[in-house]
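Asks: For reference, this is protein.tsv, and it has TSV, C-alpha atoms.
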```
chain	number	residue	atom	x	y	z
A	1	MET	CA	-69.77	-14.78	29.02
A	2	ALA	CA	-69.66	-11.20	27.79
A	3	GLY	CA	-68.28	-8.57	30.14
A	4	PRO	CA	-69.73	-5.12	30.80
A	5	MET	CA	-70.00	-2.84	27.78
A	6	ASP	CA	-67.51	0.00	27.44
A	7	GLU	CA	-68.35	3.49	26.15
A	8	ASP	CA	-68.02	2.55	22.47
A	9	GLU	CA	-70.24	-0.51	22.87
A	10	LEU	CA	-72.87	1.46	24.78
A	11	GLN	CA	-72.94	3.95	21.92
A	12	LEU	CA	-73.30	1.12	19.37
A	13	HIS	CA	-76.08	-0.44	21.44
A	14	GLU	CA	-77.99	2.86	21.62
A	15	LEU	CA	-77.54	3.41	17.88
A	16	MET	CA	-78.74	-0.14	17.21
A	17	LEU	CA	-81.91	0.45	19.22
A	18	ARG	CA	-82.83	3.55	17.23
A	19	GLY	CA	-81.43	2.45	13.86
A	20	GLY	CA	-78.53	4.89	14.01
A	21	ARG	CA	-75.26	5.11	12.14
A	22	VAL	CA	-71.60	5.38	13.11
A	23	ARG	CA	-68.48	6.79	11.38
A	24	LEU	CA	-65.67	4.29	10.72
A	25	PHE	CA	-62.70	4.03	8.34
A	26	ARG	CA	-61.32	1.39	5.97
A	27	PHE	CA	-57.75	1.32	4.66
A	28	ARG	CA	-57.18	-0.06	1.15
A	29	SER	CA	-54.34	-0.57	-1.29
A	30	PHE	CA	-54.94	0.75	-4.80
A	31	THR	CA	-55.60	-2.54	-6.60
A	32	ASP	CA	-57.93	-3.86	-9.29
A	33	LEU	CA	-60.04	-5.44	-6.55
A	34	PHE	CA	-60.37	-2.09	-4.78
A	35	ILE	CA	-61.53	-0.39	-7.98
A	36	HIS	CA	-64.01	-3.23	-8.57
A	37	GLU	CA	-65.37	-2.73	-5.05
A	38	LEU	CA	-66.03	0.94	-5.71
A	39	VAL	CA	-67.57	0.44	-9.16
A	40	THR	CA	-69.93	-2.32	-7.96
A	41	ASN	CA	-70.66	-0.90	-4.47
A	42	GLN	CA	-69.34	-4.01	-2.73
A	43	PHE	CA	-66.73	-4.78	-0.07
A	44	TRP	CA	-64.38	-7.75	0.02
A	45	PHE	CA	-64.73	-10.01	3.08
A	46	SER	CA	-61.62	-12.13	3.73
A	47	SER	CA	-61.63	-15.67	5.06
A	48	LYS	CA	-60.00	-16.40	8.40
A	49	LYS	CA	-56.93	-18.07	6.92
A	50	HIS	CA	-56.15	-15.02	4.77
A	51	LEU	CA	-56.08	-12.58	7.70
A	52	ASN	CA	-52.70	-11.40	8.99
A	53	ASP	CA	-53.24	-12.56	12.58
A	54	PRO	CA	-52.48	-16.31	12.88
A	55	CYS	CA	-54.35	-16.39	16.19
A	56	GLU	CA	-57.71	-15.27	14.73
A	57	GLY	CA	-60.59	-17.05	16.47
A	58	ILE	CA	-58.52	-18.85	19.11
A	59	PHE	CA	-60.47	-19.59	22.30
A	60	HIS	CA	-60.82	-22.27	24.95
A	61	HIS	CA	-63.57	-23.91	27.01
A	62	GLY	CA	-61.85	-23.57	30.39
A	63	ASP	CA	-58.79	-25.14	32.02
A	64	ASN	CA	-60.01	-28.69	31.62
A	65	HIS	CA	-61.69	-28.30	28.23
A	66	PRO	CA	-59.28	-27.03	25.58
A	67	ALA	CA	-60.90	-26.11	22.26
A	68	PRO	CA	-59.61	-27.48	18.95
A	69	ARG	CA	-57.78	-24.89	16.84
A	70	GLU	CA	-60.04	-25.45	13.84
A	71	TYR	CA	-63.77	-26.03	13.55
A	72	PRO	CA	-65.01	-26.85	10.02
A	73	HIS	CA	-67.45	-23.93	9.97
A	74	LEU	CA	-64.71	-21.42	10.85
A	75	LYS	CA	-63.24	-21.95	7.38
A	76	LYS	CA	-66.30	-20.16	5.95
A	77	PHE	CA	-66.19	-17.32	8.49
A	78	THR	CA	-65.27	-14.01	6.76
A	79	VAL	CA	-64.55	-10.50	7.98
A	80	CYS	CA	-64.27	-6.95	6.70
A	81	CYS	CA	-62.02	-4.91	9.00
A	82	LEU	CA	-62.78	-1.29	9.86
A	83	THR	CA	-61.24	1.13	12.36
A	84	GLN	CA	-61.99	4.24	14.40
A	85	THR	CA	-58.94	6.15	13.14
A	86	ASN	CA	-57.60	7.43	9.82
A	87	ASN	CA	-54.26	8.95	10.94
A	88	ASN	CA	-52.34	5.98	12.36
A	89	LEU	CA	-48.98	5.69	10.55
A	90	MET	CA	-48.77	1.92	11.11
A	91	MET	CA	-52.23	1.38	9.64
A	92	TRP	CA	-51.29	3.38	6.55
A	93	ALA	CA	-48.11	1.29	6.21
A	94	HIS	CA	-49.73	-2.13	6.75
A	95	TYR	CA	-53.11	-1.76	5.01
A	96	ALA	CA	-52.67	1.02	2.45
A	97	ASP	CA	-49.56	-0.16	0.60
A	98	ASN	CA	-47.02	1.82	2.62
A	99	HIS	CA	-48.98	5.10	2.36
A	100	LYS	CA	-49.55	4.68	-1.42
A	101	GLY	CA	-53.22	3.72	-0.99
A	102	VAL	CA	-56.33	5.33	0.46
A	103	CYS	CA	-58.51	5.38	3.54
A	104	LEU	CA	-62.28	5.47	3.08
A	105	GLU	CA	-64.45	7.32	5.57
A	106	LEU	CA	-67.69	5.38	6.02
A	107	ASP	CA	-71.17	6.05	7.37
A	108	VAL	CA	-72.22	2.63	8.70
A	109	MET	CA	-75.68	1.54	9.82
A	110	VAL	CA	-75.68	-0.15	13.22
A	111	SER	CA	-77.98	-3.17	13.27
A	112	SER	CA	-78.58	-6.14	15.55
A	113	GLY	CA	-79.45	-8.41	12.64
A	114	THR	CA	-77.92	-9.53	9.37
A	115	HIS	CA	-78.28	-7.26	6.34
A	116	ASN	CA	-77.01	-7.86	2.81
A	117	GLY	CA	-75.26	-11.01	4.03
A	118	TYR	CA	-73.19	-9.54	6.85
A	119	HIS	CA	-73.50	-8.72	10.55
A	120	GLY	CA	-72.09	-5.78	12.50
A	121	PRO	CA	-70.25	-3.58	13.09
A	122	GLN	CA	-68.92	-5.04	16.31
A	123	LYS	CA	-66.00	-3.83	18.39
A	124	ILE	CA	-62.88	-5.96	18.80
A	125	HIS	CA	-61.52	-6.36	22.33
A	126	TYR	CA	-57.85	-6.81	23.15
A	127	SER	CA	-56.53	-9.11	25.83
A	128	GLU	CA	-53.36	-10.84	27.05
A	129	HIS	CA	-55.16	-14.20	26.85
A	130	PRO	CA	-57.60	-15.91	24.43
A	131	PRO	CA	-61.24	-15.80	25.58
A	132	ALA	CA	-63.01	-18.64	27.35
A	133	VAL	CA	-66.19	-19.62	25.52
A	134	GLU	CA	-68.76	-21.17	27.86
A	135	GLN	CA	-71.59	-23.57	27.04
A	136	VAL	CA	-70.65	-24.13	23.40
A	137	ILE	CA	-72.97	-26.62	21.72
A	138	ASP	CA	-71.06	-28.70	19.17
A	139	ARG	CA	-73.75	-30.23	16.98
A	140	VAL	CA	-73.39	-32.48	13.95
A	141	ASP	CA	-75.99	-32.25	11.19
A	142	LYS	CA	-76.88	-34.86	8.58
A	143	LYS	CA	-74.07	-33.67	6.28
A	144	GLY	CA	-71.46	-33.95	9.00
A	145	HIS	CA	-71.16	-30.20	9.60
A	146	ARG	CA	-70.35	-29.19	13.16
A	147	SER	CA	-70.40	-26.17	15.45
A	148	GLY	CA	-73.34	-24.18	14.10
A	149	GLN	CA	-73.94	-22.77	17.58
A	150	LEU	CA	-70.28	-21.84	17.91
A	151	ILE	CA	-70.35	-19.81	14.70
A	152	LYS	CA	-73.46	-17.99	15.90
A	153	TYR	CA	-71.66	-17.10	19.12
A	154	ILE	CA	-68.53	-15.77	17.43
A	155	GLN	CA	-70.47	-13.70	14.90
A	156	SER	CA	-72.95	-12.16	17.36
A	157	ASP	CA	-70.98	-11.76	20.61
A	158	PRO	CA	-69.51	-8.25	21.05
A	159	ASP	CA	-66.53	-9.67	22.94
A	160	SER	CA	-64.58	-10.84	19.89
A	161	THR	CA	-61.02	-10.82	21.15
A	162	LYS	CA	-57.50	-10.35	19.77
A	163	SER	CA	-54.09	-9.99	21.39
A	164	THR	CA	-53.15	-6.62	22.89
A	165	LEU	CA	-50.39	-6.50	20.26
A	166	TRP	CA	-53.11	-5.36	17.82
A	167	GLU	CA	-54.63	-2.74	20.12
A	168	HIS	CA	-53.35	0.18	18.05
A	169	GLU	CA	-55.74	-0.82	15.25
A	170	LYS	CA	-58.89	0.16	17.23
A	171	GLU	CA	-60.75	-2.38	15.11
A	172	PHE	CA	-64.42	-2.79	14.38
A	173	ARG	CA	-65.48	-5.50	11.97
A	174	LEU	CA	-68.28	-6.73	9.81
A	175	THR	CA	-68.69	-10.52	9.70
A	176	GLY	CA	-70.01	-12.73	6.94
A	177	PHE	CA	-70.27	-16.36	5.91
A	178	ASN	CA	-68.90	-17.57	2.59
A	179	ASP	CA	-70.63	-20.44	0.79
A	180	GLY	CA	-69.00	-19.62	-2.56
A	181	PRO	CA	-66.22	-21.42	-4.43
A	182	ASN	CA	-63.44	-18.94	-3.55
A	183	ASP	CA	-62.01	-19.88	-0.16
A	184	ALA	CA	-60.04	-16.61	0.00
A	185	GLY	CA	-63.24	-14.64	0.59
A	186	HIS	CA	-66.17	-13.04	-1.21
A	187	LEU	CA	-67.68	-9.74	-2.28
A	188	VAL	CA	-70.71	-8.47	-0.33
A	189	PRO	CA	-73.12	-5.76	-1.62
A	190	LEU	CA	-73.28	-2.66	0.59
A	191	GLY	CA	-76.72	-1.36	-0.36
A	192	ASP	CA	-77.60	1.74	1.66
A	193	ASN	CA	-76.22	0.32	4.91
A	194	ILE	CA	-72.68	1.56	4.26
A	195	LYS	CA	-71.96	4.84	2.49
A	196	ILE	CA	-68.61	6.34	1.52
A	197	ILE	CA	-68.56	9.91	2.88
A	198	GLY	CA	-64.88	10.79	2.44
A	199	VAL	CA	-61.66	9.62	0.76
A	200	TYR	CA	-58.17	10.20	2.21
A	201	PHE	CA	-55.14	9.73	-0.05
A	202	GLY	CA	-51.85	8.56	1.48
A	203	LEU	CA	-48.58	10.45	1.69
A	204	LYS	CA	-47.25	8.60	-1.37
A	205	ALA	CA	-50.47	8.46	-3.42
A	206	GLN	CA	-50.06	9.44	-7.07
A	207	GLN	CA	-52.14	11.87	-9.12
A	208	TYR	CA	-53.51	9.17	-11.43
A	209	GLN	CA	-55.08	7.45	-8.41
A	210	ILE	CA	-56.85	10.65	-7.42
A	211	ASP	CA	-58.02	11.15	-11.01
A	212	ILE	CA	-59.44	7.61	-11.26
A	213	LEU	CA	-61.43	7.88	-8.03
A	214	ASP	CA	-62.62	11.32	-9.08
A	215	ARG	CA	-64.20	9.70	-12.14
A	216	ILE	CA	-65.70	6.77	-10.18
A	217	LEU	CA	-67.13	8.35	-7.04
A	218	ASP	CA	-69.96	10.81	-6.53
A	219	SER	CA	-68.72	14.40	-6.87
A	220	LYS	CA	-70.24	15.26	-3.47
A	221	ILE	CA	-67.80	12.95	-1.65
A	222	PRO	CA	-64.90	15.07	-0.32
A	223	PHE	CA	-61.28	14.15	-1.06
A	224	TYR	CA	-58.33	14.80	1.26
A	225	GLN	CA	-54.56	14.58	0.77
A	226	ALA	CA	-52.28	13.42	3.59
A	227	SER	CA	-49.16	15.33	4.56
A	228	ASP	CA	-46.68	14.78	7.36
A	229	VAL	CA	-46.26	17.12	10.30
A	230	ILE	CA	-42.67	18.34	10.76
A	231	THR	CA	-42.93	18.72	14.54
A	232	SER	CA	-44.51	15.31	15.27
A	233	TYR	CA	-45.13	11.81	13.92
A	234	ASP	CA	-48.73	12.64	13.02
A	235	VAL	CA	-50.49	12.79	9.69
A	236	GLU	CA	-52.72	15.69	8.77
A	237	PHE	CA	-55.10	16.07	5.84
A	238	SER	CA	-55.86	18.95	3.49
A	239	PRO	CA	-59.02	19.07	1.37
A	240	LEU	CA	-58.71	18.59	-2.39
A	241	SER	CA	-60.98	20.56	-4.70
A	242	ARG	CA	-63.10	18.12	-6.70
A	243	SER	CA	-64.15	20.89	-9.09
A	244	SER	CA	-60.55	21.72	-10.04
A	245	LEU	CA	-59.86	17.99	-10.54
A	246	ASP	CA	-62.79	17.76	-12.91
A	247	ALA	CA	-61.58	20.85	-14.81
A	248	ASN	CA	-58.12	19.35	-15.26
A	249	LEU	CA	-59.63	16.17	-16.73
A	250	ARG	CA	-61.66	17.92	-19.38
```
Written as structure tokens, how would this file's structure read?
Replies:
Amino acid sequence: MAGPMDEDELQLHELMLRGGRVRLFRFRSFTDLFIHELVTNQFWFSSKKHLNDPCEGIFHHGDNHPAPREYPHLKKFTVCCLTQTNNNLMMWAHYADNHKGVCLELDVMVSSGTHNGYHGPQKIHYSEHPPAVEQVIDRVDKKGHRSGQLIKYIQSDPDSTKSTLWEHEKEFRLTGFNDGPNDAGHLVPLGDNIKIIGVYFGLKAQQYQIDILDRILDSKIPFYQASDVITSYDVEFSPLSRSSLDANLR
């Protein structure tokens, strides 16, 4: 059973009711897949087994009703991970190739339904213990597939839960369902529901990376360069002039 909504969830709920949007961030390494995402206006959704938390999706049915670790449908469950912050040093290290990659600033539509094949964003909660899932209906269809109701619960319930060890990530996620041949994940079109509104380059990003994204992305999207702060362990960002970048490429 879902607990009371916190301030972030109340804001999401209000935005959902009026078709609003929220600002979130996505860290990426500078890879061929990342470039393909930008060129085709798609995001990669990873399957559960390719996520870095081995306890993804663990839950139980109460003290006397332990849940199996794997349900067949969970193998097709996919996620795209977003966050509320762009200046966390650990996030830059883990998800942006040790500060060599980028962080995208996103304008995300908040919706109660599924659009373009994904649902969300929904906030991740952090707990010392896996959640108890009550009244799970484990059905078997004619093809032998099970747990359709369970998948619906996990994808739509705002109380998706991870260990407190991950709390620094301040995660929000989009969820999808992969029926394709690649069990690692799938690409999902963004449409107008998710817009890139800023690009932040890591402390170790190289000039060629900035030049490539300058050619790919709309010239109205601002670019920022990260720099460290001598008096603290923070990261700060300085704006890059897109017009001077364009001049240098001529």
Asks: Using only C-alpha atoms, find the one residue out of A:Val79, A:Leu240, A:Leu51, A:Val108 that sits nearest to A:Ile210.
Replies: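 Of the candidates, the smallest distance to A:Ile210 is held by A:Leu240.
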Asks: Between stretch 152-250 of chain A and stretch 18-33 of chain A, at 12 Å or less, what are the per-residue closest atom pairs and their distances in Å? Count only C-alpha atoms, order by chain and rising residue number, and return it as a tab-separated table.
Replies:
```
residue	atom	partner	partner_atom	distance
A:Glu169	CA	A:Phe25	CA	10.9
A:Lys170	CA	A:Leu24	CA	10.3
A:Glu171	CA	A:Leu24	CA	9.4
A:Phe172	CA	A:Leu24	CA	8.1
A:Arg173	CA	A:Leu24	CA	9.9
A:Leu174	CA	A:Leu24	CA	11.4
A:His186	CA	A:Leu33	CA	11.1
A:Leu187	CA	A:Leu33	CA	9.8
A:Asp192	CA	A:Arg21	CA	11.3
A:Asn193	CA	A:Arg21	CA	8.7
A:Ile194	CA	A:Arg21	CA	9.0
A:Lys195	CA	A:Arg23	CA	9.7
A:Ile196	CA	A:Phe25	CA	9.3
A:Ile197	CA	A:Arg23	CA	9.1
A:Gly198	CA	A:Phe25	CA	9.2
A:Val199	CA	A:Phe25	CA	9.5
A:Tyr200	CA	A:Phe27	CA	9.2
A:Phe201	CA	A:Phe27	CA	10.0
A:Gly202	CA	A:Ser29	CA	9.9
A:Lys204	CA	A:Phe30	CA	11.5
A:Ala205	CA	A:Phe30	CA	9.0
A:Gln206	CA	A:Phe30	CA	10.2
A:Tyr208	CA	A:Phe30	CA	10.8
A:Gln209	CA	A:Phe30	CA	7.6
A:Ile210	CA	A:Phe30	CA	10.4
A:Ile212	CA	A:Phe30	CA	10.4
A:Leu213	CA	A:Phe30	CA	10.2
```
Asks: Which value, in Å to one decimal, gives the distance between atom CA of A:Ser160 and atom CA of A:Gly117?
Replies: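 Computing it gives 19.1 Å between the two atoms.
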Asks: For each of A:Leu165, A:Ala226, A:Val235, A:Cys81, take the minimum atom-to-atom distance to A:Ser47, counting all atoms listed in the file, then give the residue where this is smallest.
Replies: A:Cys81
Asks: How many Å separate atom CA of A:Asn116 from atom CA of A:Ala184?
Replies: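 The value is 19.3 Å.
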Asks: Any idea what the distance is between atom CA of A:Asn178 and atom CA of A:Phe45?
Replies: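 The value is 8.6 Å.
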Asks: I'd like the contact shell of A:Phe43 - 7 Å cut-off, only C-alpha atoms, skipping same-chain residues fewer than 4 positions apart - returned as a VMD selection string.
Replies: chain A and resid 37 187 to 190
Asks: Pick from A:Thr231, A:Asn87, A:Ser127, A:Gln42: nearest to A:Thr164, with all atoms listed in the file counted?
Replies: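 For A:Thr164, the nearest of the candidates is A:Ser127.
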Asks: Of the residues A:Leu38, A:Met109, A:Cys103, A:Ile216, which is the one nearest to A:Asn88, using only C-alpha atoms?
Replies: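 Of A:Leu38, A:Met109, A:Cys103, A:Ile216, the one nearest A:Asn88 is A:Cys103, counting only C-alpha atoms.
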Asks: Kindly indicate which residue among A:His94, A:His129, A:Asp228, A:Tyr233 lies nearest to A:Lys162, using only C-alpha atoms for the distances.
Replies: A:His129
Asks: Give the answer as one residue: which of A:Gly176, A:Pro54, A:Pro239, A:Gly120 has the shortest atom-to-atom distance to A:Ser163, using only C-alpha atoms?
Replies: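 Looking only at the distances to A:Ser163, the closest residue turns out to be A:Pro54.
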